[in-house]
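my_file_28.tsv follows; it contains TSV, C-alpha atoms.
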chain	number	residue	atom	x	y	z
S	28	MET	CA	19.40	236.33	-10.58
S	29	VAL	CA	20.71	238.17	-13.64
S	30	GLN	CA	23.82	240.19	-12.92
S	31	VAL	CA	23.64	243.84	-14.04
S	32	MET	CA	26.96	245.06	-15.39
S	33	LYS	CA	28.27	248.48	-14.36
S	34	TRP	CA	27.99	249.88	-17.90
S	35	GLU	CA	24.30	248.90	-18.02
S	36	GLU	CA	23.45	251.48	-15.38
S	37	ASN	CA	23.56	254.22	-18.02
S	38	ILE	CA	21.59	252.43	-20.71
S	39	ARG	CA	18.38	254.07	-21.95
S	40	ARG	CA	15.81	251.33	-21.38
S	41	VAL	CA	12.48	251.30	-23.17
S	42	VAL	CA	9.79	248.78	-24.00
S	43	PRO	CA	9.90	248.75	-27.83
S	44	TYR	CA	6.99	248.99	-30.22
S	45	VAL	CA	5.89	245.58	-31.48
S	46	ALA	CA	5.10	245.67	-35.19
S	47	GLY	CA	2.71	243.32	-36.92
S	48	GLU	CA	4.05	239.92	-37.86
S	49	GLN	CA	5.79	239.80	-41.26
S	50	PRO	CA	5.30	236.24	-42.53
S	51	ASN	CA	6.47	235.19	-45.98
S	52	LYS	CA	4.62	232.05	-47.00
S	53	PRO	CA	3.32	231.00	-50.41
S	54	GLY	CA	-0.43	231.46	-50.63
S	55	MET	CA	-0.74	233.37	-47.37
S	56	ILE	CA	-3.24	236.18	-46.85
S	57	LYS	CA	-1.61	239.05	-45.01
S	58	LEU	CA	-4.22	241.30	-43.40
S	59	ASN	CA	-2.34	242.35	-40.28
S	60	THR	CA	-0.34	245.49	-41.09
S	61	ASN	CA	-2.73	247.67	-43.13
S	62	GLU	CA	-0.65	247.53	-46.30
S	63	CYS	CA	-2.29	248.26	-49.64
S	64	PRO	CA	-3.18	245.05	-51.53
S	65	TYR	CA	-2.54	246.67	-54.91
S	66	PRO	CA	0.80	247.59	-56.53
S	67	PRO	CA	2.09	251.17	-56.78
S	68	ALA	CA	1.06	253.39	-59.69
S	69	PRO	CA	2.11	252.16	-63.17
S	70	GLY	CA	4.50	255.09	-63.53
S	71	VAL	CA	6.23	254.07	-60.29
S	72	GLN	CA	6.68	250.51	-61.53
S	73	LYS	CA	8.04	251.69	-64.90
S	74	LEU	CA	10.43	254.18	-63.35
S	75	ALA	CA	11.69	251.63	-60.80
S	76	ALA	CA	12.84	249.43	-63.69
S	77	GLN	CA	14.67	252.36	-65.27
S	78	LEU	CA	16.54	253.70	-62.25
S	79	ASP	CA	20.11	254.73	-63.01
S	80	CYS	CA	22.07	252.63	-60.52
S	81	ASP	CA	25.22	254.67	-61.15
S	82	LYS	CA	23.59	257.48	-59.19
S	83	LEU	CA	23.40	255.27	-56.11
S	84	ARG	CA	27.08	255.94	-55.44
S	85	LEU	CA	26.17	259.58	-54.73
S	86	TYR	CA	24.39	261.03	-51.72
S	87	PRO	CA	20.72	261.84	-52.31
S	88	ASP	CA	19.30	265.35	-52.13
S	89	SER	CA	19.25	265.96	-48.38
S	90	TYR	CA	16.41	268.46	-48.79
S	91	THR	CA	14.32	265.98	-50.83
S	92	THR	CA	13.49	268.99	-53.01
S	93	PRO	CA	11.63	267.31	-55.92
S	94	LEU	CA	9.39	265.34	-53.53
S	95	VAL	CA	8.71	268.34	-51.30
S	96	GLU	CA	7.78	270.40	-54.36
S	97	ALA	CA	5.54	267.66	-55.76
S	98	LEU	CA	3.68	267.35	-52.45
S	99	ALA	CA	3.35	271.12	-52.13
S	100	GLU	CA	1.83	271.34	-55.59
S	101	TYR	CA	-0.55	268.43	-54.99
S	102	TYR	CA	-1.82	269.75	-51.66
S	103	HIS	CA	-1.82	273.43	-52.71
S	104	VAL	CA	0.66	274.62	-50.10
S	105	GLU	CA	4.13	276.13	-50.20
S	106	PRO	CA	7.27	273.93	-50.18
S	107	CYS	CA	8.34	275.61	-46.93
S	108	GLU	CA	5.21	274.11	-45.35
S	109	VAL	CA	6.16	270.49	-46.17
S	110	PHE	CA	8.47	268.14	-44.26
S	111	VAL	CA	9.40	264.69	-45.58
S	112	GLY	CA	10.65	261.74	-43.54
S	113	VAL	CA	11.35	258.02	-43.74
S	114	GLY	CA	7.78	256.90	-43.20
S	115	SER	CA	5.29	258.75	-41.03
S	116	ASP	CA	6.85	257.04	-38.00
S	117	ASP	CA	10.05	258.98	-38.65
S	118	VAL	CA	8.08	262.20	-39.09
S	119	ILE	CA	6.12	261.74	-35.85
S	120	SER	CA	9.21	260.67	-33.91
S	121	MET	CA	10.98	263.82	-35.09
S	122	ALA	CA	7.95	265.88	-34.10
S	123	PHE	CA	7.97	264.38	-30.59
S	124	LEU	CA	11.65	265.25	-30.28
S	125	THR	CA	11.12	268.77	-31.62
S	126	PHE	CA	7.86	269.97	-30.10
S	127	PHE	CA	7.15	267.99	-26.93
S	128	ASN	CA	9.65	269.42	-24.49
S	129	GLY	CA	7.45	271.05	-21.86
S	130	LYS	CA	6.94	270.03	-18.24
S	131	GLU	CA	3.25	269.24	-18.69
S	132	PRO	CA	2.29	265.81	-20.07
S	133	ILE	CA	1.36	265.40	-23.69
S	134	LEU	CA	-2.12	263.96	-24.31
S	135	PHE	CA	-3.33	261.19	-26.61
S	136	PRO	CA	-6.17	258.61	-26.54
S	137	ASP	CA	-5.99	255.46	-24.44
S	138	VAL	CA	-6.84	253.29	-27.46
S	139	THR	CA	-4.63	254.54	-30.26
S	140	TYR	CA	-1.47	253.91	-32.26
S	141	SER	CA	0.77	252.05	-29.84
S	142	PHE	CA	3.96	253.83	-30.91
S	143	TYR	CA	2.97	257.08	-29.16
S	144	ASP	CA	3.78	255.91	-25.64
S	145	VAL	CA	6.98	254.26	-26.92
S	146	TRP	CA	8.26	257.57	-28.31
S	147	ALA	CA	7.22	259.36	-25.13
S	148	GLU	CA	9.17	256.86	-23.02
S	149	LEU	CA	12.17	256.96	-25.37
S	150	TYR	CA	12.44	260.75	-25.27
S	151	ARG	CA	11.49	261.01	-21.57
S	152	ILE	CA	8.34	262.98	-22.35
S	153	PRO	CA	5.62	262.91	-19.68
S	154	TYR	CA	2.29	261.77	-21.10
S	155	LYS	CA	-1.30	261.12	-20.13
S	156	THR	CA	-3.92	259.11	-21.99
S	157	CYS	CA	-7.53	260.23	-22.36
S	158	ALA	CA	-10.11	257.45	-22.49
S	159	LEU	CA	-12.23	257.15	-25.60
S	160	ASP	CA	-15.95	257.09	-24.84
S	161	GLU	CA	-18.11	253.95	-24.89
S	162	ASN	CA	-18.52	254.34	-28.66
S	163	TRP	CA	-14.76	254.69	-29.24
S	164	HIS	CA	-14.86	258.44	-29.93
S	165	ILE	CA	-12.62	261.19	-28.53
S	166	ARG	CA	-14.12	263.37	-25.82
S	167	PRO	CA	-12.91	266.87	-26.79
S	168	GLY	CA	-13.43	268.08	-23.22
S	169	ASP	CA	-10.69	265.70	-22.04
S	170	TYR	CA	-8.19	267.79	-23.98
S	171	VAL	CA	-9.09	270.99	-22.16
S	172	GLN	CA	-6.49	270.64	-19.43
S	173	PRO	CA	-2.86	271.69	-18.95
S	174	ASN	CA	-0.68	269.80	-21.41
S	175	GLY	CA	2.58	269.91	-23.33
S	176	GLY	CA	1.09	268.94	-26.66
S	177	ILE	CA	-1.52	266.69	-28.24
S	178	ILE	CA	-1.47	263.91	-30.82
S	179	PHE	CA	-4.24	261.67	-32.12
S	180	PRO	CA	-4.89	259.66	-35.29
S	181	ASN	CA	-7.85	260.51	-37.49
S	182	PRO	CA	-9.27	258.07	-38.49
S	183	ASN	CA	-8.17	256.38	-35.28
S	184	ALA	CA	-6.05	253.27	-35.17
S	185	PRO	CA	-6.99	250.59	-34.37
S	186	THR	CA	-10.71	251.44	-34.22
S	187	GLY	CA	-10.96	253.02	-37.69
S	188	LEU	CA	-13.37	255.68	-36.45
S	189	LEU	CA	-13.25	259.16	-37.97
S	190	GLU	CA	-13.65	262.31	-35.90
S	191	SER	CA	-15.38	265.23	-37.57
S	192	LEU	CA	-13.45	268.32	-38.56
S	193	ASP	CA	-15.53	270.17	-35.96
S	194	THR	CA	-14.12	267.91	-33.24
S	195	VAL	CA	-10.58	268.47	-34.49
S	196	GLU	CA	-11.11	272.21	-34.50
S	197	GLU	CA	-12.65	272.16	-31.02
S	198	ILE	CA	-9.44	270.59	-29.71
S	199	LEU	CA	-7.32	273.09	-31.63
S	200	GLN	CA	-9.27	276.08	-30.31
S	201	ALA	CA	-8.73	274.93	-26.73
S	202	ASN	CA	-4.98	274.39	-27.22
S	203	ARG	CA	-3.51	277.36	-29.06
S	204	ASP	CA	-0.35	277.38	-26.91
S	205	VAL	CA	0.89	273.86	-27.73
S	206	VAL	CA	1.51	271.89	-30.91
S	207	VAL	CA	-1.38	269.66	-31.96
S	208	ILE	CA	-0.52	266.76	-34.30
S	209	VAL	CA	-3.25	265.06	-36.33
S	210	ASP	CA	-1.97	261.72	-37.61
S	211	GLU	CA	-3.84	261.09	-40.87
S	212	ALA	CA	-2.32	257.79	-41.98
S	213	TYR	CA	-5.78	256.58	-43.08
S	214	ILE	CA	-7.52	259.79	-44.14
S	215	ASP	CA	-7.52	258.84	-47.83
S	216	PHE	CA	-10.04	256.06	-47.14
S	217	GLY	CA	-12.73	258.38	-45.78
S	218	GLY	CA	-13.26	261.81	-44.27
S	219	THR	CA	-11.98	265.33	-44.69
S	220	SER	CA	-8.36	266.17	-43.94
S	221	ALA	CA	-7.44	268.77	-41.35
S	222	LEU	CA	-5.06	270.25	-43.93
S	223	GLN	CA	-7.62	272.96	-44.65
S	224	LEU	CA	-7.06	274.25	-41.11
S	225	ILE	CA	-3.31	274.87	-41.25
S	226	ARG	CA	-3.74	278.49	-42.36
S	227	LYS	CA	-6.05	279.11	-39.41
S	228	TYR	CA	-3.96	277.37	-36.73
S	229	ASP	CA	-0.21	277.93	-36.76
S	230	ASN	CA	0.23	275.18	-34.14
S	231	LEU	CA	-1.34	272.43	-36.26
S	232	LEU	CA	0.79	269.70	-37.84
S	233	VAL	CA	-0.91	267.19	-40.18
S	234	VAL	CA	0.95	263.93	-40.84
S	235	GLN	CA	0.30	261.56	-43.76
S	236	THR	CA	2.03	258.58	-45.35
S	237	PHE	CA	2.66	256.78	-48.65
S	238	SER	CA	2.49	253.39	-46.90
S	239	LYS	CA	-1.27	252.83	-47.08
S	240	SER	CA	-3.15	254.54	-49.90
S	241	ARG	CA	-0.13	254.99	-52.19
S	242	SER	CA	1.02	251.33	-51.97
S	243	MET	CA	4.61	252.16	-50.99
S	244	ALA	CA	5.14	250.84	-47.47
S	245	GLY	CA	8.39	249.21	-48.60
S	246	LEU	CA	9.97	252.53	-49.56
S	247	ARG	CA	9.17	254.32	-46.26
S	248	ILE	CA	7.87	257.75	-47.21
S	249	GLY	CA	5.98	259.98	-44.81
S	250	PHE	CA	5.36	263.71	-44.68
S	251	CYS	CA	3.71	266.42	-42.69
S	252	ILE	CA	2.30	269.82	-43.57
S	253	GLY	CA	2.05	272.80	-41.28
S	254	ASN	CA	3.01	276.37	-40.62
S	255	GLU	CA	6.35	277.42	-42.11
S	256	LYS	CA	7.78	278.04	-38.65
S	257	LEU	CA	6.84	274.52	-37.45
S	258	ILE	CA	8.45	272.98	-40.52
S	259	GLY	CA	11.56	275.10	-40.00
S	260	TYR	CA	11.97	273.81	-36.46
S	261	LEU	CA	11.51	270.22	-37.67
S	262	ASN	CA	14.19	270.67	-40.31
S	263	ASP	CA	16.58	272.13	-37.74
S	264	VAL	CA	16.26	268.95	-35.67
S	265	LYS	CA	16.41	266.66	-38.70
S	266	TYR	CA	19.61	268.21	-40.01
S	267	SER	CA	21.13	268.01	-36.55
S	268	PHE	CA	20.31	264.31	-36.51
S	269	ASN	CA	20.86	262.94	-40.02
S	270	SER	CA	20.88	264.98	-43.22
S	271	TYR	CA	20.56	262.06	-45.64
S	272	THR	CA	17.59	260.18	-44.23
S	273	MET	CA	15.65	259.50	-47.45
S	274	ASN	CA	17.35	257.45	-50.15
S	275	LEU	CA	17.37	258.36	-53.83
S	276	PRO	CA	14.95	255.66	-55.10
S	277	ALA	CA	12.36	256.67	-52.52
S	278	GLN	CA	12.60	260.31	-53.55
S	279	VAL	CA	12.36	259.61	-57.28
S	280	LEU	CA	9.56	257.06	-57.04
S	281	GLY	CA	7.70	259.14	-54.46
S	282	VAL	CA	7.44	262.01	-56.92
S	283	GLU	CA	6.00	259.68	-59.56
S	284	ALA	CA	3.43	258.34	-57.06
S	285	VAL	CA	2.23	261.87	-56.30
S	286	ARG	CA	1.88	262.69	-59.99
S	287	ASP	CA	-0.51	259.82	-60.70
S	288	GLY	CA	-3.54	261.15	-58.87
S	289	ALA	CA	-5.98	259.14	-60.98
S	290	TYR	CA	-4.48	255.78	-59.97
S	291	PHE	CA	-4.36	256.90	-56.33
S	292	LYS	CA	-8.09	257.70	-56.35
S	293	GLU	CA	-8.97	254.52	-58.22
S	294	THR	CA	-7.09	252.32	-55.76
S	295	THR	CA	-8.53	253.91	-52.63
S	296	ALA	CA	-12.03	253.68	-54.13
S	297	ARG	CA	-11.56	249.94	-54.71
S	298	ILE	CA	-10.47	249.42	-51.11
S	299	VAL	CA	-13.42	251.44	-49.77
S	300	ALA	CA	-15.87	249.43	-51.90
S	301	THR	CA	-14.42	246.15	-50.62
S	302	ARG	CA	-14.50	247.44	-47.04
S	303	GLU	CA	-18.18	248.33	-47.23
S	304	ARG	CA	-19.06	244.94	-48.72
S	305	VAL	CA	-17.11	243.08	-46.06
S	306	LYS	CA	-18.79	245.05	-43.28
S	307	GLY	CA	-22.12	243.54	-44.32
S	308	GLU	CA	-20.70	240.03	-44.51
S	309	LEU	CA	-19.07	240.30	-41.10
S	310	ARG	CA	-22.30	241.57	-39.54
S	311	ALA	CA	-24.13	238.57	-40.97
S	312	LEU	CA	-21.58	236.30	-39.23
S	313	GLY	CA	-22.20	237.89	-35.82
S	314	PHE	CA	-19.41	240.47	-35.73
S	315	THR	CA	-19.79	243.99	-34.40
S	316	PHE	CA	-17.37	246.85	-35.04
S	317	PRO	CA	-17.03	250.63	-35.13
S	318	ASP	CA	-17.95	252.07	-38.52
S	319	SER	CA	-14.48	252.18	-40.04
S	320	SER	CA	-13.31	254.98	-42.33
S	321	ALA	CA	-9.87	253.37	-42.71
S	322	ASN	CA	-8.51	250.44	-44.71
S	323	PHE	CA	-9.28	247.98	-41.93
S	324	ILE	CA	-12.14	246.82	-39.72
S	325	PHE	CA	-11.87	246.45	-35.93
S	326	ALA	CA	-14.20	243.53	-35.23
S	327	SER	CA	-15.43	241.50	-32.27
S	328	HIS	CA	-17.53	238.33	-32.52
S	329	GLU	CA	-20.63	237.79	-30.41
S	330	THR	CA	-19.68	234.29	-29.23
S	331	ILE	CA	-16.11	233.37	-30.17
S	332	PRO	CA	-13.18	235.10	-28.40
S	333	ALA	CA	-10.84	237.13	-30.58
S	334	ARG	CA	-7.76	235.21	-29.47
S	335	GLN	CA	-9.37	231.95	-30.58
S	336	LEU	CA	-10.27	233.36	-33.98
S	337	PHE	CA	-6.81	234.92	-34.36
S	338	GLU	CA	-5.10	231.58	-33.77
S	339	ALA	CA	-7.49	229.66	-36.01
S	340	LEU	CA	-6.93	232.12	-38.84
S	341	ARG	CA	-3.19	231.97	-38.36
S	342	GLU	CA	-3.22	228.19	-38.73
S	343	GLU	CA	-4.80	228.76	-42.14
S	344	ASP	CA	-2.08	231.30	-43.05
S	345	ILE	CA	-4.56	234.17	-42.78
S	346	TYR	CA	-2.91	236.87	-40.71
S	347	VAL	CA	-4.85	239.54	-38.82
S	348	ARG	CA	-3.85	241.67	-35.79
S	349	HIS	CA	-4.74	241.03	-32.15
S	350	TRP	CA	-3.65	242.80	-28.95
S	351	ASP	CA	-3.89	241.53	-25.38
S	352	LYS	CA	-4.58	245.02	-24.06
S	353	PRO	CA	-7.30	246.55	-21.89
S	354	ARG	CA	-10.56	247.35	-23.70
S	355	ILE	CA	-9.46	245.83	-27.03
S	356	SER	CA	-8.45	242.25	-26.21
S	357	ASP	CA	-11.64	240.88	-27.76
S	358	PHE	CA	-11.17	242.61	-31.10
S	359	LEU	CA	-9.35	241.72	-34.30
S	360	ARG	CA	-8.05	244.36	-36.67
S	361	ILE	CA	-8.59	243.08	-40.19
S	362	THR	CA	-6.88	244.88	-43.06
S	363	ILE	CA	-8.88	245.18	-46.27
S	364	GLY	CA	-7.22	243.08	-48.95
S	365	THR	CA	-8.29	242.26	-52.49
S	366	ASP	CA	-11.82	240.96	-53.06
S	367	GLU	CA	-10.39	237.48	-53.52
S	368	GLU	CA	-8.48	237.64	-50.24
S	369	MET	CA	-11.50	238.90	-48.35
S	370	ASP	CA	-13.69	236.17	-49.88
S	371	ARG	CA	-11.28	233.56	-48.55
S	372	LEU	CA	-11.29	235.19	-45.12
S	373	ILE	CA	-15.09	235.32	-45.00
S	374	GLY	CA	-15.37	231.73	-46.25
S	375	PHE	CA	-13.09	230.47	-43.51
S	376	LEU	CA	-14.87	232.48	-40.82
S	377	ARG	CA	-18.26	231.24	-41.98
S	378	ASP	CA	-17.20	227.60	-41.70
S	379	TYR	CA	-15.31	228.07	-38.44
S	380	ILE	CA	-18.13	229.94	-36.70
S	381	ALA	CA	-20.68	227.33	-37.82
S	382	GLN	CA	-18.55	224.62	-36.20
S	383	ASN	CA	-17.34	226.47	-33.10
S	384	GLY	CA	-20.02	228.95	-32.07
S	385	GLN	CA	-20.37	229.09	-28.28
S	386	ASP	CA	-21.28	231.42	-25.44
S	387	LYS	CA	-18.50	233.72	-24.32

What's the structure tokens form of this structure?
Amino acid sequence: MVQVMKWEENIRRVVPYVAGEQPNKPGMIKLNTNECPYPPAPGVQKLAAQLDCDKLRLYPDSYTTPLVEALAEYYHVEPCEVFVGVGSDDVISMAFLTFFNGKEPILFPDVTYSFYDVWAELYRIPYKTCALDENWHIRPGDYVQPNGGIIFPNPNAPTGLLESLDTVEEILQANRDVVVIVDEAYIDFGGTSALQLIRKYDNLLVVQTFSKSRSMAGLRIGFCIGNEKLIGYLNDVKYSFNSYTMNLPAQVLGVEAVRDGAYFKETTARIVATRERVKGELRALGFTFPDSSANFIFASHETIPARQLFEALREEDIYVRHWDKPRISDFLRITIGTDEEMDRLIGFLRDYIAQNGQDK
């Protein structure tokens, strides 16, 4: 029996979020954390090599003014409607802390980004999950009940399915008295952003990230856009927590990434084209999956269990994501890599399935 020390009685205990494995092997294919397979914009790479290291001895702009202004210009909003954080995880965590303080439970899907329940537990926020339907879509009617706030990804993670803007607005119309957060980490790979609704709904917060479509997961840049009052409340909490959250290189290089809209569109188009090609090849191998609008595919094979495929791929240094969770234990989430990486994945799967096909 493990002895519990007296001081442990006051420890805040949570079950932490488990991130995707971060291997570092020569020749590996890393398709497990939805990173972009292409480098950042050329201007970002050039500027990174020219950074004035003498400035690193100084604190960065705590208001991240140049980056906020660049985002406001790009998305045609006012700077007072933009909040920047250290990755979208930081932004969403701050939003939980700021907006979800009621007695009613917050609502989010049962199959969704697995950090939501971690933040709820960490901040002692009551929550309730709403089951996706048999086709992995949100049931808007499930969100017409007393609640302390709502959050959902669109496209969803890990299914990749996109909800229509009509569905998003139906949820907003039924919940004018709480904050509704739409987590759009993958919106750049398909679909229409809910950003066009922020003028209509003052309780809407739209969160996006530089980690996927802008190839900058290593710099940790996330942001959200919403009503000026929402952003003001977020900043009040941020500056009560840590004023200097975003470092100088991230701010400077983030601005350059926003400026190069042409490269951004070119890169996302390449990923979408590869995704659509791979969908056809996976179907031919006996996989089924929701019709992804993200930079990944959530696939299940007709005869071979997901865990078996996951382990076989891992032995070949091909890394995908698998969860032993209800409803999704027989699925693999496969990030879209370069065409060459996906060809190697498909080649291995073709050979493995031919040799190991069996009844489930």

- prompt: Which residues, written as a PyMOL selection string, have at least one atom at most 10 Å from Val205 in chain S, with all atoms listed in the file counted and residues fewer than 4 positions away on the same chain left out?
  reply: chain S and resi 126-127+129+133+173-177+199+201+229-231

Original post:
What is the distance, in Å and to one decimal place, between CA of Lys130 in chain S and CA of Asn181 in chain S?
Top reply: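 If I compute the distance from CA of Lys130 in chain S to CA of Asn181 in chain S, I get 26.1 Å.
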
* Identify, on the basis of only C-alpha atoms, every residue whose closest approach to Ala147 in chain S does not exceed 12 Å; exclude the query and any residue fewer than 5 positions from it along the same chain; express the result as a PyMOL selection string. => chain S and resi 41-44+119-124+126-128+132-135+141-142+152-156+175-178

As an exercise, work out the distance from CA of Asp378 in chain S to CA of Glu308 in chain S in Å and give it to one decimal place.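 Result for CA of Asp378 in chain S versus CA of Glu308 in chain S: 13.2 Å, one decimal.
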
Between S:Gln223, S:Asn61, S:Thr330, S:Ser89, smallest distance to Phe237 in chain S by all atoms listed in the file belongs to S:Asn61
